[in-house]
>>> print(open('structure.cif').read())   # mmCIF, C-alpha atoms; chains and numbers go by the auth columns
data_my_file
#
loop_
_atom_site.group_PDB
_atom_site.id
_atom_site.type_symbol
_atom_site.label_atom_id
_atom_site.label_comp_id
_atom_site.label_asym_id
_atom_site.label_seq_id
_atom_site.Cartn_x
_atom_site.Cartn_y
_atom_site.Cartn_z
_atom_site.B_iso_or_equiv
_atom_site.auth_seq_id
_atom_site.auth_asym_id
ATOM 1 C CA MET A 1 0.000 0.000 0.000 0.00 98 A
ATOM 2 C CA THR A 2 1.196 3.491 -0.878 0.00 99 A
ATOM 3 C CA LEU A 3 -0.446 6.441 0.850 0.00 100 A
ATOM 4 C CA THR A 4 0.259 9.813 -0.749 0.00 101 A
ATOM 5 C CA GLN A 5 -0.516 13.201 0.750 0.00 102 A
ATOM 6 C CA ARG A 6 -3.014 15.298 -1.156 0.00 103 A
ATOM 7 C CA VAL A 7 -1.534 18.802 -1.072 0.00 104 A
ATOM 8 C CA GLU A 8 -2.102 21.912 -3.134 0.00 105 A
ATOM 9 C CA ASP A 9 0.509 22.637 -5.799 0.00 106 A
ATOM 10 C CA SER A 10 1.822 25.614 -3.850 0.00 107 A
ATOM 11 C CA PHE A 11 2.376 23.611 -0.647 0.00 108 A
ATOM 12 C CA ARG A 12 5.004 21.076 0.304 0.00 109 A
ATOM 13 C CA PRO A 13 4.057 17.718 1.832 0.00 110 A
ATOM 14 C CA SER A 14 4.157 17.698 5.624 0.00 111 A
ATOM 15 C CA THR A 15 6.598 15.220 7.139 0.00 112 A
ATOM 16 C CA ASP A 16 4.823 15.714 10.476 0.00 113 A
ATOM 17 C CA MET A 17 1.616 14.490 8.849 0.00 114 A
ATOM 18 C CA ASP A 18 3.436 11.424 7.518 0.00 115 A
ATOM 19 C CA HIS A 19 4.750 10.562 10.980 0.00 116 A
ATOM 20 C CA GLU A 20 1.312 11.107 12.499 0.00 117 A
ATOM 21 C CA LEU A 21 -0.204 8.733 9.937 0.00 118 A
ATOM 22 C CA THR A 22 2.391 6.054 10.696 0.00 119 A
ATOM 23 C CA ARG A 23 1.489 6.354 14.395 0.00 120 A
ATOM 24 C CA GLU A 24 -2.195 5.913 13.546 0.00 121 A
ATOM 25 C CA LEU A 25 -1.347 2.800 11.501 0.00 122 A
ATOM 26 C CA SER A 26 1.161 1.313 13.942 0.00 123 A
ATOM 27 C CA ASP A 27 -1.286 -1.077 15.653 0.00 124 A
ATOM 28 C CA LEU A 28 -2.405 -2.745 12.427 0.00 125 A
ATOM 29 C CA ASP A 29 -1.417 -6.304 11.474 0.00 126 A
ATOM 30 C CA THR A 30 1.341 -5.820 8.888 0.00 127 A
ATOM 31 C CA SER A 31 4.071 -7.853 7.222 0.00 128 A
ATOM 32 C CA ALA A 32 6.185 -4.708 6.971 0.00 129 A
ATOM 33 C CA PRO A 33 5.079 -1.713 9.060 0.00 130 A
ATOM 34 C CA PHE A 34 3.857 1.482 7.491 0.00 131 A
ATOM 35 C CA GLN A 35 6.617 4.054 7.371 0.00 132 A
ATOM 36 C CA PRO A 36 7.469 7.229 5.460 0.00 133 A
ATOM 37 C CA THR A 37 9.349 6.507 2.235 0.00 134 A
ATOM 38 C CA GLY A 38 9.611 10.095 1.008 0.00 135 A
ATOM 39 C CA PRO A 39 8.043 13.500 1.617 0.00 136 A
ATOM 40 C CA GLY A 40 4.284 13.002 1.551 0.00 137 A
ATOM 41 C CA GLU A 41 4.488 9.223 1.054 0.00 138 A
ATOM 42 C CA VAL A 42 3.903 6.320 3.456 0.00 139 A
ATOM 43 C CA ARG A 43 4.149 2.646 2.508 0.00 140 A
ATOM 44 C CA GLY A 44 3.417 -0.658 4.192 0.00 141 A
ATOM 45 C CA LEU A 45 2.634 -4.325 3.522 0.00 142 A
ATOM 46 C CA THR A 46 -0.147 -6.508 4.881 0.00 143 A
ATOM 47 C CA GLU A 47 -1.455 -9.979 4.057 0.00 144 A
ATOM 48 C CA ASP A 48 -4.847 -9.266 5.629 0.00 145 A
ATOM 49 C CA PRO A 49 -7.480 -7.583 3.419 0.00 146 A
ATOM 50 C CA HIS A 50 -9.339 -6.322 6.500 0.00 147 A
ATOM 51 C CA THR A 51 -6.165 -4.582 7.619 0.00 148 A
ATOM 52 C CA ALA A 52 -5.820 -3.051 4.162 0.00 149 A
ATOM 53 C CA VAL A 53 -9.350 -1.667 4.425 0.00 150 A
ATOM 54 C CA SER A 54 -8.655 -0.264 7.889 0.00 151 A
ATOM 55 C CA ALA A 55 -5.456 1.401 6.683 0.00 152 A
ATOM 56 C CA ALA A 56 -7.272 2.861 3.699 0.00 153 A
ATOM 57 C CA MET A 57 -10.024 4.332 5.861 0.00 154 A
ATOM 58 C CA ILE A 58 -7.501 5.903 8.247 0.00 155 A
ATOM 59 C CA ALA A 59 -5.651 7.471 5.322 0.00 156 A
ATOM 60 C CA LEU A 60 -8.815 8.689 3.603 0.00 157 A
ATOM 61 C CA ARG A 61 -10.098 10.440 6.725 0.00 158 A
ATOM 62 C CA GLU A 62 -10.755 14.087 5.887 0.00 159 A
ATOM 63 C CA GLY A 63 -9.329 13.447 2.416 0.00 160 A
ATOM 64 C CA ARG A 64 -5.764 13.690 3.710 0.00 161 A
ATOM 65 C CA TYR A 65 -4.182 10.936 1.619 0.00 162 A
ATOM 66 C CA ALA A 66 -4.672 9.090 -1.640 0.00 163 A
ATOM 67 C CA VAL A 67 -4.593 5.297 -1.352 0.00 164 A
ATOM 68 C CA ALA A 68 -2.907 2.939 -3.815 0.00 165 A
ATOM 69 C CA ILE A 69 -3.142 -0.829 -3.278 0.00 166 A
ATOM 70 C CA GLY A 70 -1.338 -3.556 -5.188 0.00 167 A
ATOM 71 C CA VAL A 71 -2.503 -7.153 -4.712 0.00 168 A
ATOM 72 C CA GLY A 72 -0.210 -10.077 -5.487 0.00 169 A
ATOM 73 C CA GLU A 73 2.568 -12.293 -4.157 0.00 170 A
ATOM 74 C CA VAL A 74 5.289 -10.491 -2.239 0.00 171 A
ATOM 75 C CA PHE A 75 8.586 -12.028 -1.171 0.00 172 A
ATOM 76 C CA LEU A 76 10.252 -10.459 1.851 0.00 173 A
ATOM 77 C CA THR A 77 13.978 -10.578 2.572 0.00 174 A
ATOM 78 C CA ARG A 78 15.413 -9.180 5.761 0.00 175 A
ATOM 79 C CA VAL A 79 18.673 -7.341 5.123 0.00 176 A
ATOM 80 C CA THR A 80 21.109 -5.322 7.195 0.00 177 A
ATOM 81 C CA ASP A 81 22.115 -1.908 5.898 0.00 178 A
ATOM 82 C CA PRO A 82 25.732 -0.594 6.046 0.00 179 A
ATOM 83 C CA GLU A 83 25.036 0.971 9.449 0.00 180 A
ATOM 84 C CA GLY A 84 23.869 -2.331 10.917 0.00 181 A
ATOM 85 C CA ARG A 85 20.148 -1.563 10.922 0.00 182 A
ATOM 86 C CA LEU A 86 17.716 -4.318 9.980 0.00 183 A
ATOM 87 C CA ALA A 87 15.492 -3.580 7.001 0.00 184 A
ATOM 88 C CA VAL A 88 13.007 -5.506 4.860 0.00 185 A
ATOM 89 C CA ALA A 89 13.397 -5.804 1.092 0.00 186 A
ATOM 90 C CA ALA A 90 10.291 -6.764 -0.874 0.00 187 A
ATOM 91 C CA ASP A 91 9.876 -8.159 -4.371 0.00 188 A
ATOM 92 C CA GLY A 92 7.237 -9.933 -6.431 0.00 189 A
ATOM 93 C CA ALA A 93 4.069 -9.293 -8.418 0.00 190 A
ATOM 94 C CA GLY A 94 2.382 -7.573 -5.491 0.00 191 A
ATOM 95 C CA MET A 95 5.109 -4.936 -5.443 0.00 192 A
ATOM 96 C CA LEU A 96 4.764 -4.398 -9.198 0.00 193 A
ATOM 97 C CA TYR A 97 1.010 -3.921 -8.884 0.00 194 A
ATOM 98 C CA GLY A 98 1.580 -1.659 -5.916 0.00 195 A
ATOM 99 C CA HIS A 99 3.911 0.546 -7.942 0.00 196 A
ATOM 100 C CA GLU A 100 1.427 0.531 -10.825 0.00 197 A
ATOM 101 C CA ALA A 101 -1.380 1.595 -8.497 0.00 198 A
ATOM 102 C CA ALA A 102 0.707 4.443 -7.112 0.00 199 A
ATOM 103 C CA ALA A 103 1.922 5.550 -10.545 0.00 200 A
ATOM 104 C CA THR A 104 -1.602 5.665 -12.022 0.00 201 A
ATOM 105 C CA GLN A 105 -3.232 7.250 -8.963 0.00 202 A
ATOM 106 C CA ARG A 106 -5.272 10.400 -9.558 0.00 203 A
ATOM 107 C CA LEU A 107 -4.712 12.668 -6.586 0.00 204 A
ATOM 108 C CA ASN A 108 -7.433 15.104 -7.677 0.00 205 A
ATOM 109 C CA GLU A 109 -10.250 12.563 -7.478 0.00 206 A
ATOM 110 C CA ARG A 110 -12.905 13.190 -4.855 0.00 207 A
ATOM 111 C CA VAL A 111 -12.032 9.878 -3.188 0.00 208 A
ATOM 112 C CA ALA A 112 -8.572 8.920 -4.402 0.00 209 A
ATOM 113 C CA VAL A 113 -8.293 5.121 -4.330 0.00 210 A
ATOM 114 C CA ARG A 114 -6.510 2.917 -6.865 0.00 211 A
ATOM 115 C CA VAL A 115 -6.348 -0.896 -6.772 0.00 212 A
ATOM 116 C CA CYS A 116 -4.246 -2.953 -9.194 0.00 213 A
ATOM 117 C CA ALA A 117 -4.057 -6.758 -9.491 0.00 214 A
ATOM 118 C CA ALA A 118 -3.752 -9.491 -12.107 0.00 215 A
ATOM 119 C CA ASP A 119 -7.548 -9.793 -12.158 0.00 216 A
ATOM 120 C CA GLN A 120 -8.453 -6.337 -13.387 0.00 217 A
ATOM 121 C CA GLN A 121 -12.195 -6.833 -12.955 0.00 218 A
ATOM 122 C CA SER A 122 -11.857 -7.841 -9.307 0.00 219 A
ATOM 123 C CA ALA A 123 -9.468 -4.936 -8.739 0.00 220 A
ATOM 124 C CA ALA A 124 -11.991 -2.517 -10.255 0.00 221 A
ATOM 125 C CA GLU A 125 -14.773 -3.887 -8.040 0.00 222 A
ATOM 126 C CA ALA A 126 -12.621 -3.619 -4.898 0.00 223 A
ATOM 127 C CA GLN A 127 -11.636 -0.105 -5.892 0.00 224 A
ATOM 128 C CA ALA A 128 -15.260 0.930 -6.378 0.00 225 A
ATOM 129 C CA MET A 129 -16.293 -0.397 -2.962 0.00 226 A
ATOM 130 C CA LEU A 130 -13.351 1.283 -1.234 0.00 227 A
ATOM 131 C CA LYS A 131 -14.287 4.578 -2.863 0.00 228 A
ATOM 132 C CA LEU A 132 -17.855 4.299 -1.620 0.00 229 A
ATOM 133 C CA VAL A 133 -16.801 3.539 1.952 0.00 230 A
ATOM 134 C CA GLY A 134 -13.995 6.084 1.706 0.00 231 A
ATOM 135 C CA ARG A 135 -16.458 8.774 0.737 0.00 232 A
ATOM 136 C CA ILE A 136 -18.206 8.263 4.069 0.00 233 A
ATOM 137 C CA VAL A 137 -15.059 8.816 6.137 0.00 234 A
ATOM 138 C CA SER A 138 -13.703 11.637 3.991 0.00 235 A
ATOM 139 C CA VAL A 139 -16.657 14.002 4.485 0.00 236 A
ATOM 140 C CA ARG A 140 -17.428 13.596 8.200 0.00 237 A
ATOM 141 C CA SER A 141 -17.454 16.768 10.243 0.00 238 A
ATOM 142 C CA ASP A 142 -15.190 17.297 13.253 0.00 239 A
ATOM 143 C CA ALA A 143 -18.262 17.086 15.514 0.00 240 A
ATOM 144 C CA GLU A 144 -19.204 13.702 14.045 0.00 241 A
ATOM 145 C CA TRP A 145 -15.649 12.408 14.451 0.00 242 A
ATOM 146 C CA ARG A 146 -15.635 13.423 18.122 0.00 243 A
ATOM 147 C CA VAL A 147 -18.569 11.064 18.588 0.00 244 A
ATOM 148 C CA VAL A 148 -17.637 8.106 16.382 0.00 245 A
ATOM 149 C CA ASP A 149 -14.007 8.051 17.547 0.00 246 A
ATOM 150 C CA LEU A 150 -15.362 6.967 20.939 0.00 247 A
ATOM 151 C CA LEU A 151 -17.482 4.134 19.540 0.00 248 A
ATOM 152 C CA THR A 152 -16.479 0.491 19.223 0.00 249 A
ATOM 153 C CA PRO A 153 -17.985 -1.497 16.334 0.00 250 A
ATOM 154 C CA GLY A 154 -20.268 -4.303 17.539 0.00 251 A
ATOM 155 C CA ALA A 155 -20.543 -3.087 21.135 0.00 252 A
ATOM 156 C CA ARG A 156 -23.992 -2.359 22.510 0.00 253 A
ATOM 157 C CA GLY A 157 -25.206 0.397 24.813 0.00 254 A
ATOM 158 C CA GLN A 158 -22.351 2.778 24.118 0.00 255 A
ATOM 159 C CA GLN A 159 -24.173 5.960 23.266 0.00 256 A
ATOM 160 C CA LYS A 160 -24.988 6.972 26.850 0.00 257 A
ATOM 161 C CA ASP A 161 -21.335 6.559 27.849 0.00 258 A
ATOM 162 C CA VAL A 162 -20.187 8.597 24.855 0.00 259 A
ATOM 163 C CA ALA A 163 -22.725 11.303 25.669 0.00 260 A
ATOM 164 C CA ALA A 164 -21.439 11.467 29.237 0.00 261 A
ATOM 165 C CA GLN A 165 -17.820 11.733 28.077 0.00 262 A
ATOM 166 C CA LEU A 166 -18.635 14.561 25.677 0.00 263 A
ATOM 167 C CA GLY A 167 -21.138 16.331 27.914 0.00 264 A
ATOM 168 C CA ILE A 168 -23.954 16.115 25.368 0.00 265 A
ATOM 169 C CA THR A 169 -27.279 14.301 25.271 0.00 266 A
ATOM 170 C CA PRO A 170 -27.674 10.691 24.095 0.00 267 A
ATOM 171 C CA GLN A 171 -30.032 12.064 21.431 0.00 268 A
ATOM 172 C CA ALA A 172 -27.231 14.267 20.078 0.00 269 A
ATOM 173 C CA VAL A 173 -24.935 11.243 19.946 0.00 270 A
ATOM 174 C CA SER A 174 -27.592 9.232 18.124 0.00 271 A
ATOM 175 C CA LYS A 175 -28.089 11.987 15.550 0.00 272 A
ATOM 176 C CA ALA A 176 -24.334 12.259 14.974 0.00 273 A
ATOM 177 C CA VAL A 177 -24.088 8.498 14.436 0.00 274 A
ATOM 178 C CA VAL A 178 -26.918 8.595 11.890 0.00 275 A
ATOM 179 C CA ARG A 179 -25.515 11.626 10.028 0.00 276 A
ATOM 180 C CA SER A 180 -22.017 10.152 9.921 0.00 277 A
ATOM 181 C CA LEU A 181 -23.210 6.837 8.414 0.00 278 A
ATOM 182 C CA TRP A 182 -21.016 5.083 10.980 0.00 279 A
ATOM 183 C CA HIS A 183 -23.081 1.880 11.009 0.00 280 A
ATOM 184 C CA GLU A 184 -23.157 1.799 7.205 0.00 281 A
ATOM 185 C CA GLU A 185 -19.372 2.204 7.056 0.00 282 A
ATOM 186 C CA TRP A 186 -18.746 -0.751 9.350 0.00 283 A
ATOM 187 C CA GLU A 187 -21.347 -2.882 7.578 0.00 284 A
ATOM 188 C CA ALA A 188 -19.615 -2.220 4.237 0.00 285 A
ATOM 189 C CA ARG A 189 -16.017 -2.730 5.332 0.00 286 A
ATOM 190 C CA PRO A 190 -16.199 -6.571 5.196 0.00 287 A
ATOM 191 C CA ALA A 191 -17.495 -6.373 1.604 0.00 288 A
ATOM 192 C CA ALA A 192 -14.491 -4.265 0.629 0.00 289 A
ATOM 193 C CA ALA A 193 -12.173 -6.778 2.296 0.00 290 A
ATOM 194 C CA THR A 194 -13.891 -9.683 0.499 0.00 291 A
ATOM 195 C CA LEU A 195 -13.358 -7.990 -2.854 0.00 292 A
ATOM 196 C CA LEU A 196 -9.669 -7.418 -2.076 0.00 293 A
ATOM 197 C CA GLN A 197 -9.372 -11.088 -1.079 0.00 294 A
ATOM 198 C CA ARG A 198 -10.923 -12.058 -4.414 0.00 295 A
ATOM 199 C CA CYS A 199 -8.106 -10.171 -6.156 0.00 296 A
ATOM 200 C CA ALA A 200 -5.578 -12.173 -4.131 0.00 297 A
ATOM 201 C CA GLU A 201 -7.145 -15.499 -5.075 0.00 298 A
ATOM 202 C CA GLN A 202 -6.190 -14.991 -8.708 0.00 299 A
ATOM 203 C CA PHE A 203 -2.445 -15.440 -8.187 0.00 300 A
#
>>> encode(input="structure.cif", output="structure tokens")
Amino acid sequence: MTLTQRVEDSFRPSTDMDHELTRELSDLDTSAPFQPTGPGEVRGLTEDPHTAVSAAMIALREGRYAVAIGVGEVFLTRVTDPEGRLAVAADGAGMLYGHEAAATQRLNERVAVRVCAADQQSAAEAQAMLKLVGRIVSVRSDAEWRVVDLLTPGARGQQKDVAAQLGITPQAVSKAVVRSLWHEEWEARPAAATLLQRCAEQF
């Protein structure tokens, strides 16, 4: 996965934003952790399509980053650099598709997601689903995020606790959840992961 900052032409990418994104992604299940690979660019590897969806949604929040995903076999080799630090070298079809996805990404799209794989039809379907779910997270207001950031998918009876934490009414929490399409997002995430898995089954 390659995550690229969406910045205006007159602005430089923020390295602070890249480091903040890597912190937000640090708890995800990865084969190689997400890390900055250049100004405005963060890359990582995962074998889990659900993790890929989670990473994409974090990056797409508020339209901060464009998301490029390559699906295919990846071979990892652990190497030591001249200064003695351990690094991971990656090769294989998955890396090629990942580079293709990043190279053909359109940063000016409303929801910038690109998926590339050997099965182009499955990649297009996964891309379409990720764009739909990504649209939900990219347009939420700050007030809605304050509410949904305190929610846990699948847990019951949370809204009163969230209301108490924020000092608002449970009705206000309920309205924010409805407006933010939080339930719809979490209901659609597994479908996006299934479509990414279908891409992987073709190699």
>>> closest_atom_pairs(input="structure.cif", of="segment 183-219 of chain A", to="segment 231-240 of chain A", cutoff="12 Å", atoms="only C-alpha atoms", output="JSON lines")
{"residue": "A:Glu206", "atom": "CA", "partner": "A:Arg232", "partner_atom": "CA", "distance": 11.0}
{"residue": "A:Arg207", "atom": "CA", "partner": "A:Arg232", "partner_atom": "CA", "distance": 8.0}
{"residue": "A:Val208", "atom": "CA", "partner": "A:Arg232", "partner_atom": "CA", "distance": 6.0}
{"residue": "A:Ala209", "atom": "CA", "partner": "A:Gly231", "partner_atom": "CA", "distance": 8.6}
{"residue": "A:Val210", "atom": "CA", "partner": "A:Gly231", "partner_atom": "CA", "distance": 8.4}
{"residue": "A:Arg211", "atom": "CA", "partner": "A:Gly231", "partner_atom": "CA", "distance": 11.8}
>>> residues_around(input="structure.cif", residues="segment 136-151 of chain A", least_positions_apart="4", cutoff="8 Å", atoms="only C-alpha atoms", output="number ranges by chain")
A: 98-102, 110-112, 114-115, 119, 125-132, 155, 227, 286-287, 289-291, 293-294
>>> residues_near_point(input="structure.cif", point="(-1.7, -0.1, -5.1)", cutoff="8 Å", atoms="only C-alpha atoms", output="NGL selection string")
:A and (98-99 or 164-168 or 194-199 or 211-213)
>>> write_last_selection(input="structure.cif", atoms="C-alpha atoms", output="mmCIF file, in the coordinates of the input")
data_model
loop_
_atom_site.group_PDB
_atom_site.id
_atom_site.type_symbol
_atom_site.label_atom_id
_atom_site.label_comp_id
_atom_site.auth_asym_id
_atom_site.auth_seq_id
_atom_site.Cartn_x
_atom_site.Cartn_y
_atom_site.Cartn_z
ATOM 1 C CA MET A 98 0.000 0.000 0.000
ATOM 2 C CA THR A 99 1.196 3.491 -0.878
ATOM 3 C CA VAL A 164 -4.593 5.297 -1.352
ATOM 4 C CA ALA A 165 -2.907 2.939 -3.815
ATOM 5 C CA ILE A 166 -3.142 -0.829 -3.278
ATOM 6 C CA GLY A 167 -1.338 -3.556 -5.188
ATOM 7 C CA VAL A 168 -2.503 -7.153 -4.712
ATOM 8 C CA TYR A 194 1.010 -3.921 -8.884
ATOM 9 C CA GLY A 195 1.580 -1.659 -5.916
ATOM 10 C CA HIS A 196 3.911 0.546 -7.942
ATOM 11 C CA GLU A 197 1.427 0.531 -10.825
ATOM 12 C CA ALA A 198 -1.380 1.595 -8.497
ATOM 13 C CA ALA A 199 0.707 4.443 -7.112
ATOM 14 C CA ARG A 211 -6.510 2.917 -6.865
ATOM 15 C CA VAL A 212 -6.348 -0.896 -6.772
ATOM 16 C CA CYS A 213 -4.246 -2.953 -9.194
#
>>> resolve_selection(input="structure.cif", expression="the PyMOL selection byres ((chain A and resi 251) around 12)", output="list in words")
Leu248, Thr249, Pro250, Ala252, Arg253, Gly254, Gln255, Trp279, His280, Trp283 and Glu284 of chain A
>>> atom_distance(input="structure.cif", atom1="atom CA of Ala163 of chain A", atom2="atom CA of Leu204 of chain A")
6.1 Å
>>> atom_distance(input="structure.cif", atom1="atom CA of Arg120 of chain A", atom2="atom CA of Val104 of chain A")
20.1 Å
>>> closest_residue(input="structure.cif", among="A:Ala190, A:His116, A:Thr177, A:Ala223", to="Ala288 of chain A", atoms="all atoms listed in the file")
A:Ala223
>>> closest_residue(input="structure.cif", among="A:Gln256, A:Gln262, A:Ser219, A:Gln224", to="Glu298 of chain A", atoms="all atoms listed in the file")
A:Ser219
>>> resolve_selection(input="structure.cif", expression="the PyMOL selection byres ((chain A and resi 243) around 12)", output="PyMOL selection string")
chain A and resi 237-242+244-248+259-260+262-265+269-270+273-274+277
>>> decode(input="structure.cif", residues="segment 157-177 of chain A", atoms="N, CA, C and O atoms", output="tab-separated table (two decimals), in the first residue's frame")
chain	number	residue	atom	x	y	z
A	157	LEU	N	-7.83	7.89	4.33
A	157	LEU	CA	-8.81	8.69	3.60
A	157	LEU	C	-9.57	9.67	4.50
A	157	LEU	O	-10.27	10.54	3.99
A	158	ARG	N	-9.40	9.54	5.79
A	158	ARG	CA	-10.10	10.44	6.73
A	158	ARG	C	-9.80	11.90	6.38
A	158	ARG	O	-8.64	12.28	6.22
A	159	GLU	N	-10.85	12.66	6.23
A	159	GLU	CA	-10.76	14.09	5.89
A	159	GLU	C	-10.04	14.33	4.55
A	159	GLU	O	-9.58	15.43	4.29
A	160	GLY	N	-9.95	13.28	3.72
A	160	GLY	CA	-9.33	13.45	2.42
A	160	GLY	C	-7.85	13.75	2.46
A	160	GLY	O	-7.30	14.33	1.54
A	161	ARG	N	-7.17	13.32	3.53
A	161	ARG	CA	-5.76	13.69	3.71
A	161	ARG	C	-4.83	13.00	2.72
A	161	ARG	O	-3.87	13.60	2.24
A	162	TYR	N	-5.09	11.73	2.44
A	162	TYR	CA	-4.18	10.94	1.62
A	162	TYR	C	-4.93	10.24	0.49
A	162	TYR	O	-6.12	9.95	0.61
A	163	ALA	N	-4.21	9.99	-0.59
A	163	ALA	CA	-4.67	9.09	-1.64
A	163	ALA	C	-4.15	7.69	-1.33
A	163	ALA	O	-3.06	7.54	-0.76
A	164	VAL	N	-4.92	6.68	-1.70
A	164	VAL	CA	-4.59	5.30	-1.35
A	164	VAL	C	-4.36	4.49	-2.62
A	164	VAL	O	-5.23	4.46	-3.51
A	165	ALA	N	-3.21	3.83	-2.70
A	165	ALA	CA	-2.91	2.94	-3.82
A	165	ALA	C	-2.60	1.55	-3.25
A	165	ALA	O	-1.78	1.42	-2.34
A	166	ILE	N	-3.29	0.54	-3.78
A	166	ILE	CA	-3.14	-0.83	-3.28
A	166	ILE	C	-2.78	-1.76	-4.43
A	166	ILE	O	-3.47	-1.81	-5.44
A	167	GLY	N	-1.70	-2.50	-4.25
A	167	GLY	CA	-1.34	-3.56	-5.19
A	167	GLY	C	-1.57	-4.90	-4.54
A	167	GLY	O	-1.21	-5.10	-3.37
A	168	VAL	N	-2.19	-5.83	-5.27
A	168	VAL	CA	-2.50	-7.15	-4.71
A	168	VAL	C	-1.76	-8.21	-5.51
A	168	VAL	O	-1.90	-8.30	-6.74
A	169	GLY	N	-0.96	-9.02	-4.82
A	169	GLY	CA	-0.21	-10.08	-5.49
A	169	GLY	C	0.83	-10.65	-4.54
A	169	GLY	O	0.96	-10.18	-3.39
A	170	GLU	N	1.54	-11.68	-4.99
A	170	GLU	CA	2.57	-12.29	-4.16
A	170	GLU	C	3.70	-11.31	-3.87
A	170	GLU	O	4.13	-10.57	-4.76
A	171	VAL	N	4.15	-11.32	-2.64
A	171	VAL	CA	5.29	-10.49	-2.24
A	171	VAL	C	6.27	-11.38	-1.47
A	171	VAL	O	5.87	-12.14	-0.59
A	172	PHE	N	7.54	-11.27	-1.83
A	172	PHE	CA	8.59	-12.03	-1.17
A	172	PHE	C	9.43	-11.06	-0.34
A	172	PHE	O	9.96	-10.08	-0.88
A	173	LEU	N	9.52	-11.33	0.94
A	173	LEU	CA	10.25	-10.46	1.85
A	173	LEU	C	11.62	-11.05	2.18
A	173	LEU	O	11.74	-12.25	2.44
A	174	THR	N	12.63	-10.20	2.17
A	174	THR	CA	13.98	-10.58	2.57
A	174	THR	C	14.47	-9.57	3.60
A	174	THR	O	14.41	-8.35	3.36
A	175	ARG	N	14.90	-10.07	4.72
A	175	ARG	CA	15.41	-9.18	5.76
A	175	ARG	C	16.90	-8.95	5.52
A	175	ARG	O	17.67	-9.90	5.40
A	176	VAL	N	17.29	-7.71	5.43
A	176	VAL	CA	18.67	-7.34	5.12
A	176	VAL	C	19.17	-6.35	6.17
A	176	VAL	O	18.39	-5.66	6.83
A	177	THR	N	20.47	-6.26	6.29
A	177	THR	CA	21.11	-5.32	7.19
A	177	THR	C	21.82	-4.25	6.37
A	177	THR	O	22.61	-4.58	5.47
